[in-house]
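Next up, final.cif (mmCIF, C-alpha atoms and all ligand atoms):
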data_data
loop_
_atom_site.label_atom_id
_atom_site.label_comp_id
_atom_site.auth_asym_id
_atom_site.auth_seq_id
_atom_site.Cartn_x
_atom_site.Cartn_y
_atom_site.Cartn_z
CA MET R 533 49.54 213.13 17.72
CA SER R 534 49.10 214.01 21.40
CA ASN R 535 52.05 214.45 23.67
CA LEU R 536 50.54 211.86 26.01
CA GLU R 537 50.52 209.31 23.18
CA ARG R 538 54.14 210.15 22.36
CA ARG R 539 55.25 209.74 25.98
CA THR R 540 53.35 206.47 26.37
CA GLU R 541 55.07 205.06 23.28
CA GLU R 542 58.42 206.35 24.48
CA GLU R 543 58.00 204.68 27.87
CA LYS R 544 57.21 201.39 26.12
CA VAL R 545 60.38 201.38 24.00
CA ARG R 546 62.43 202.56 26.98
CA MET R 547 61.21 199.55 28.99
CA GLU R 548 62.08 197.31 26.04
CA GLY R 549 65.64 198.68 26.01
CA ARG R 550 65.19 200.20 22.56
CA LEU R 551 65.66 203.89 23.43
CA PRO R 552 69.35 204.82 23.15
CA PRO R 553 70.85 207.34 25.59
CA GLY R 554 69.93 210.96 24.89
CA GLN R 555 67.23 210.08 22.35
CA ALA R 556 63.50 210.94 22.33
CA LEU R 557 60.75 209.17 20.42
CA THR R 558 59.06 211.02 17.58
CA LEU R 559 55.91 209.91 15.78
CA LYS R 560 56.65 212.30 12.90
CA PHE R 561 59.27 211.78 10.22
CA PRO R 562 61.57 214.83 10.34
CA VAL R 563 63.46 215.83 7.19
CA LEU R 564 67.15 216.55 7.65
CA HIS R 565 69.78 217.21 5.05
CA TYR R 566 72.31 219.69 3.80
CA GLY R 567 71.52 221.45 0.52
CA PRO R 568 68.65 221.16 -1.99
CA VAL R 569 66.45 218.20 -2.99
CA PRO R 570 67.59 216.90 -6.39
CA GLY R 571 65.28 216.09 -9.28
CA PHE R 572 64.99 212.60 -10.74
CA ASN R 573 65.06 211.49 -14.38
CA ALA R 574 64.41 207.75 -14.84
CA ALA R 575 65.98 207.89 -18.33
CA THR R 576 69.39 209.09 -17.15
CA TRP R 577 69.59 207.91 -13.51
CA THR R 578 72.10 205.16 -12.74
CA MET R 579 73.17 203.34 -9.63
CA LYS R 580 76.83 202.30 -9.76
CA MET R 581 78.96 199.94 -7.70
CA TYR R 582 82.71 200.11 -8.07
CA GLY R 583 86.06 199.95 -6.29
CA GLU R 584 87.28 196.74 -4.67
CA ILE R 585 84.90 194.43 -6.57
CA GLU R 586 85.53 191.97 -9.39
CA GLN R 587 83.51 193.94 -11.93
CA PRO R 588 82.03 197.43 -11.73
CA LEU R 589 78.22 197.51 -12.01
CA SER R 590 75.82 200.12 -13.33
CA PHE R 591 72.03 199.76 -13.08
CA SER R 592 69.45 201.89 -14.84
CA TRP R 593 66.31 202.66 -12.83
CA ASP R 594 64.48 199.83 -14.64
CA GLU R 595 67.31 197.40 -14.01
CA PHE R 596 67.59 198.37 -10.38
CA ASN R 597 63.91 197.64 -9.86
CA GLN R 598 64.34 194.14 -11.24
CA LEU R 599 66.84 193.24 -8.52
CA PRO R 600 65.60 191.01 -5.70
CA LYS R 601 63.93 193.16 -3.06
CA THR R 602 63.48 192.63 0.62
CA LYS R 603 61.51 194.21 3.48
CA LEU R 604 62.89 195.32 6.79
CA THR R 605 61.46 196.79 10.00
CA MET R 606 63.85 198.70 12.24
CA ASP R 607 64.35 201.62 14.63
CA ILE R 608 66.19 204.67 13.30
CA HIS R 609 68.12 207.15 15.42
CA CYS R 610 69.06 210.65 14.28
CA VAL R 611 72.03 212.34 15.92
CA THR R 612 69.84 215.42 16.51
CA SER R 613 68.10 213.17 19.12
CA TRP R 614 64.91 211.97 17.47
CA SER R 615 64.27 208.25 17.18
CA LYS R 616 61.58 206.57 15.15
CA PHE R 617 60.54 203.01 15.92
CA ASP R 618 59.30 200.12 13.79
CA THR R 619 59.92 201.93 10.51
CA GLU R 620 59.24 199.76 7.45
CA TRP R 621 61.57 199.80 4.47
CA GLU R 622 61.73 197.94 1.21
CA GLY R 623 64.66 197.77 -1.17
CA VAL R 624 67.77 195.91 -2.19
CA SER R 625 70.10 194.25 0.29
CA VAL R 626 73.81 194.25 -0.56
CA THR R 627 74.11 190.79 1.00
CA ASP R 628 71.38 189.51 -1.34
CA LEU R 629 73.29 190.87 -4.35
CA ILE R 630 76.35 188.95 -3.20
CA HIS R 631 74.35 185.74 -2.66
CA ALA R 632 72.75 186.13 -6.09
CA GLY R 633 76.25 186.29 -7.60
CA LEU R 634 75.62 189.78 -9.00
CA LEU R 635 78.14 191.51 -6.77
CA LYS R 636 81.55 189.93 -6.22
CA LEU R 637 83.70 191.58 -3.58
CA LYS R 638 87.46 191.44 -3.58
CA PRO R 639 88.98 190.39 -0.25
CA THR R 640 90.47 193.89 -0.04
CA ALA R 641 87.02 195.49 0.31
CA LYS R 642 86.74 196.64 3.94
CA TYR R 643 84.69 199.87 3.85
CA VAL R 644 81.86 201.23 1.76
CA ILE R 645 81.38 204.83 0.70
CA GLN R 646 77.84 205.81 -0.28
CA HIS R 647 77.91 208.53 -2.95
CA ALA R 648 74.79 210.68 -3.30
CA GLU R 649 73.69 213.60 -5.48
CA PHE R 650 75.67 216.84 -5.07
CA GLY R 651 78.72 214.97 -3.73
CA TYR R 652 77.24 213.94 -0.38
CA THR R 653 79.04 210.89 1.03
CA ALA R 654 78.66 208.59 4.02
CA ASN R 655 81.14 205.90 5.03
CA LEU R 656 80.52 202.60 6.82
CA PRO R 657 82.53 199.45 7.50
CA LEU R 658 81.66 196.69 5.02
CA ASP R 659 80.52 194.53 7.95
CA VAL R 660 77.79 197.05 8.78
CA VAL R 661 76.65 197.31 5.15
CA LEU R 662 76.29 193.51 5.12
CA GLN R 663 74.09 193.49 8.25
CA PRO R 664 70.34 192.95 7.76
CA SER R 665 69.84 196.48 9.18
CA PHE R 666 71.39 198.18 6.12
CA LEU R 667 69.32 198.51 2.97
CA LEU R 668 69.32 200.33 -0.35
CA ALA R 669 65.75 201.51 0.13
CA THR R 670 63.20 202.50 -2.50
CA HIS R 671 60.09 202.35 -0.27
CA PHE R 672 59.09 203.58 3.18
CA ASN R 673 55.90 202.28 4.85
CA GLY R 674 54.82 200.63 1.61
CA LYS R 675 55.16 203.71 -0.60
CA PRO R 676 57.97 205.04 -2.79
CA LEU R 677 60.19 207.41 -0.81
CA ASP R 678 59.14 211.07 -0.69
CA PRO R 679 61.54 213.35 -2.59
CA ASP R 680 62.51 214.92 0.79
CA HIS R 681 63.39 211.49 2.17
CA GLY R 682 65.63 210.47 -0.72
CA TYR R 683 63.53 209.44 -3.74
CA PRO R 684 64.25 207.34 -5.70
CA LEU R 685 66.90 205.55 -3.61
CA ARG R 686 68.64 205.94 -0.27
CA GLY R 687 70.80 204.00 2.12
CA VAL R 688 69.19 203.29 5.48
CA VAL R 689 70.69 201.88 8.63
CA GLY R 690 69.21 201.31 12.09
CA PHE R 691 68.49 198.81 14.83
CA ILE R 692 66.56 195.57 14.49
CA PRO R 693 65.23 194.47 17.90
CA GLY R 694 66.83 191.17 18.87
CA ARG R 695 70.02 191.85 16.90
CA GLU R 696 71.94 193.43 19.75
CA SER R 697 75.32 192.24 18.46
CA ASP R 698 74.95 194.25 15.22
CA GLU R 699 76.40 197.77 15.05
CA THR R 700 73.83 200.57 15.10
CA PRO R 701 75.11 203.86 13.68
CA TYR R 702 73.13 207.09 13.68
CA PHE R 703 70.82 207.62 10.72
CA TRP R 704 73.06 210.09 8.86
CA LYS R 705 75.04 207.01 7.76
CA GLY R 706 72.27 206.41 5.23
CA ALA R 707 72.66 208.65 2.19
CA LYS R 708 69.53 209.99 0.53
CA TRP R 709 69.48 210.30 -3.31
CA LEU R 710 72.04 207.54 -3.48
CA ARG R 711 73.88 207.08 -6.80
CA ALA R 712 76.81 204.78 -6.05
CA LEU R 713 78.49 202.43 -3.62
CA GLU R 714 82.26 202.52 -3.63
CA PHE R 715 84.03 199.58 -1.98
CA VAL R 716 87.41 200.59 -0.54
CA ALA R 717 90.31 199.05 1.36
CA GLU R 718 90.99 202.10 3.53
CA ASP R 719 88.32 204.09 5.35
CA ARG R 720 87.51 207.65 4.17
CA LEU R 721 85.44 210.10 6.18
CA GLY R 722 82.07 211.08 4.71
CA PHE R 723 80.35 214.47 4.70
CA TRP R 724 79.22 214.69 8.34
CA GLU R 725 82.22 212.70 9.53
CA GLN R 726 84.53 215.36 8.05
CA ALA R 727 82.41 218.01 9.77
CA GLY R 728 83.31 216.56 13.19
CA TYR R 729 80.71 213.87 13.69
CA HIS R 730 81.86 210.52 15.03
CA ASN R 731 83.18 208.00 12.52
CA ARG R 732 81.72 204.84 14.09
CA ALA R 733 78.68 206.76 15.42
CA ASP R 734 77.33 203.95 17.62
CA VAL R 735 73.99 205.05 19.08
CA TRP R 736 74.30 202.83 22.18
CA ARG R 737 77.64 204.40 23.09
CA GLU R 738 76.25 207.83 22.18
CA GLU R 739 79.11 208.47 19.75
CA ARG R 740 77.80 211.74 18.29
CA TYR R 741 80.97 213.77 17.84
CA ARG R 742 84.63 213.04 17.49
N1 LIG R 801 72.28 213.06 0.47
C1 LIG R 801 72.14 213.30 1.78
N2 LIG R 801 71.75 212.28 2.58
C2 LIG R 801 71.59 212.49 3.90
C3 LIG R 801 71.85 213.74 4.48
C4 LIG R 801 72.27 214.79 3.63
O1 LIG R 801 72.54 215.93 4.06
N3 LIG R 801 72.39 214.52 2.28
N4 LIG R 801 71.68 213.90 5.83
C5 LIG R 801 71.68 212.72 6.68
C6 LIG R 801 71.12 213.00 7.98
S1 LIG R 801 72.02 214.02 8.99
C7 LIG R 801 70.00 212.37 8.45
S2 LIG R 801 69.51 212.49 10.06
C8 LIG R 801 69.13 211.58 7.56
C9 LIG R 801 67.74 212.14 7.62
O2 LIG R 801 66.86 211.44 6.80
P1 LIG R 801 65.38 211.94 6.68
O3 LIG R 801 65.41 213.36 6.16
O4 LIG R 801 64.70 211.00 5.76
O5 LIG R 801 64.80 211.91 8.07
O6 LIG R 801 69.58 211.64 6.21
C10 LIG R 801 70.96 211.53 6.06
N5 LIG R 801 71.23 211.42 4.67
MO MO R 802 71.07 213.79 11.14
#

For the file at hand, write its structure as structure tokens.
Ligand SMILES: Nc1nc2c(c(=O)[nH]1)N[C@H]1C(S)=C(S)[C@@H](COP(=O)(O)O)O[C@H]1N2
Ligand SMILES: [Mo]
Amino acid sequence: MSNLERRTEEEKVRMEGRLPPGQALTLKFPVLHYGPVPGFNAATWTMKMYGEIEQPLSFSWDEFNQLPKTKLTMDIHCVTSWSKFDTEWEGVSVTDLIHAGLLKLKPTAKYVIQHAEFGYTANLPLDVVLQPSFLLATHFNGKPLDPDHGYPLRGVVGFIPGRESDETPYFWKGAKWLRALEFVAEDRLGFWEQAGYHNRADVWREERYR
């Protein structure tokens, strides 16, 4: 990748209004996380959903892969200032699970805590989790996630061009190596949020720190 190519692409998305303040376009896919990369065992792995829902759910890896899947193209924005545009994801949409009658929320569910391996957590309002720009992703650019990027499953959240009225949080709000969604009535700060990062984390308002 030449720097000229990078700057040409960046100018294009800037003109389109897709480059949030303080961000720079990258053509790479940086890896960012705290702690080690966990292993994966398809025989013991489960994905759970619990909290303010009618019935707790637990999916094996096989079961999870039989859920309806959807594809999504969006821009992702890391708080460390890199942005990546037109990234392609495939996975399970929480809204689709609700429409399929598999997931039944209680009216008290207002926030969602993503629980990942080693106790990593990320919190989001339920409304954001139900946007088309939030996905439980198994694939990136047509291939299963790399271990570094969250294999076998991660939350992802970003910006879909044309959906300006949706909230766009920074990319840390998607937990790699995701193992559970907890639906809660009261908000609870996640890992980076407790470390001083902004709770809403809106990229357009540049809400990086609290
Ligand atoms: N489990 C877990 N998920 C995580 C993190 C982490 O430390 N642990 N870091 C977050 C941060 S800060 C970012 S920017 C993105 C980076 O995703 P990537 O490594 O695929 O680029 O993952 C997020 N998800
Ligand atoms: Mo990050």

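Computed from the coordinates, the atom CA of Gly571 of chain R to atom CA of Glu622 of chain R distance equals 21.3 Å.
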
How big is the axis-aligned box around all listed atoms of ligand LIG 801 (chain R) once 8 Å goes on each side, and where's its centre, in Å to one decimal, as AutoDock Vina command-line options?
--center_x 68.6 --center_y 213.5 --center_z 5.3 --size_x 23.8 --size_y 20.9 --size_z 25.6

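In terms of minimum interatomic distance to Glu548 of chain R, R:Phe617 ranks closest within R:Phe617, R:Tyr741, R:Phe591, R:Tyr566, counting only C-alpha atoms.
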
Item to check | Surroundings of ligand LIG 801 (chain R) up to 9 Å, based on all atoms listed in the file, as JSON, numbers by chain | outcome: {"R": [561, 562, 563, 564, 565, 566, 567, 568, 569, 609, 610, 611, 612, 614, 647, 648, 649, 650, 651, 652, 653, 654, 677, 678, 680, 681, 682, 686, 687, 688, 702, 703, 704, 705, 706, 707, 708, 709, 710, 723, 724]}

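Across R:Met581, R:Leu559, R:Val689, R:Ala641, the tightest approach to Val660 of chain R is made by R:Val689 when counting all atoms listed in the file.
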
Which residues of segment 620-716 of chain R come within 8 Å of segment 728-736 of chain R, and what is each one's closest atom pair and distance in Å (one decimal), counting all atoms listed in the file, sorted by chain and residue number, as JSON lines?
{"residue": "R:Leu656", "atom": "CA", "partner": "R:Arg732", "partner_atom": "CA", "distance": 7.7}
{"residue": "R:Glu699", "atom": "CA", "partner": "R:Asp734", "partner_atom": "CA", "distance": 6.8}
{"residue": "R:Thr700", "atom": "CA", "partner": "R:Asp734", "partner_atom": "CA", "distance": 5.5}
{"residue": "R:Pro701", "atom": "CA", "partner": "R:Asp734", "partner_atom": "CA", "distance": 4.5}
{"residue": "R:Tyr702", "atom": "CA", "partner": "R:Ala733", "partner_atom": "CA", "distance": 5.8}

Nearest to ligand MO 802 (chain R), restricted to all atoms listed in the file and choosing among R:Lys603, R:Arg740, R:Arg720, R:Arg695, comes out as R:Arg740

A straight line from atom CA of Ser590 of chain R to atom CA of Pro657 of chain R spans 21.9 Å

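If only C-alpha atoms are the atoms counted, then among R:Arg550, R:Lys580, R:Lys601, R:Arg711 the closest residue to Gly623 of chain R is R:Lys601.
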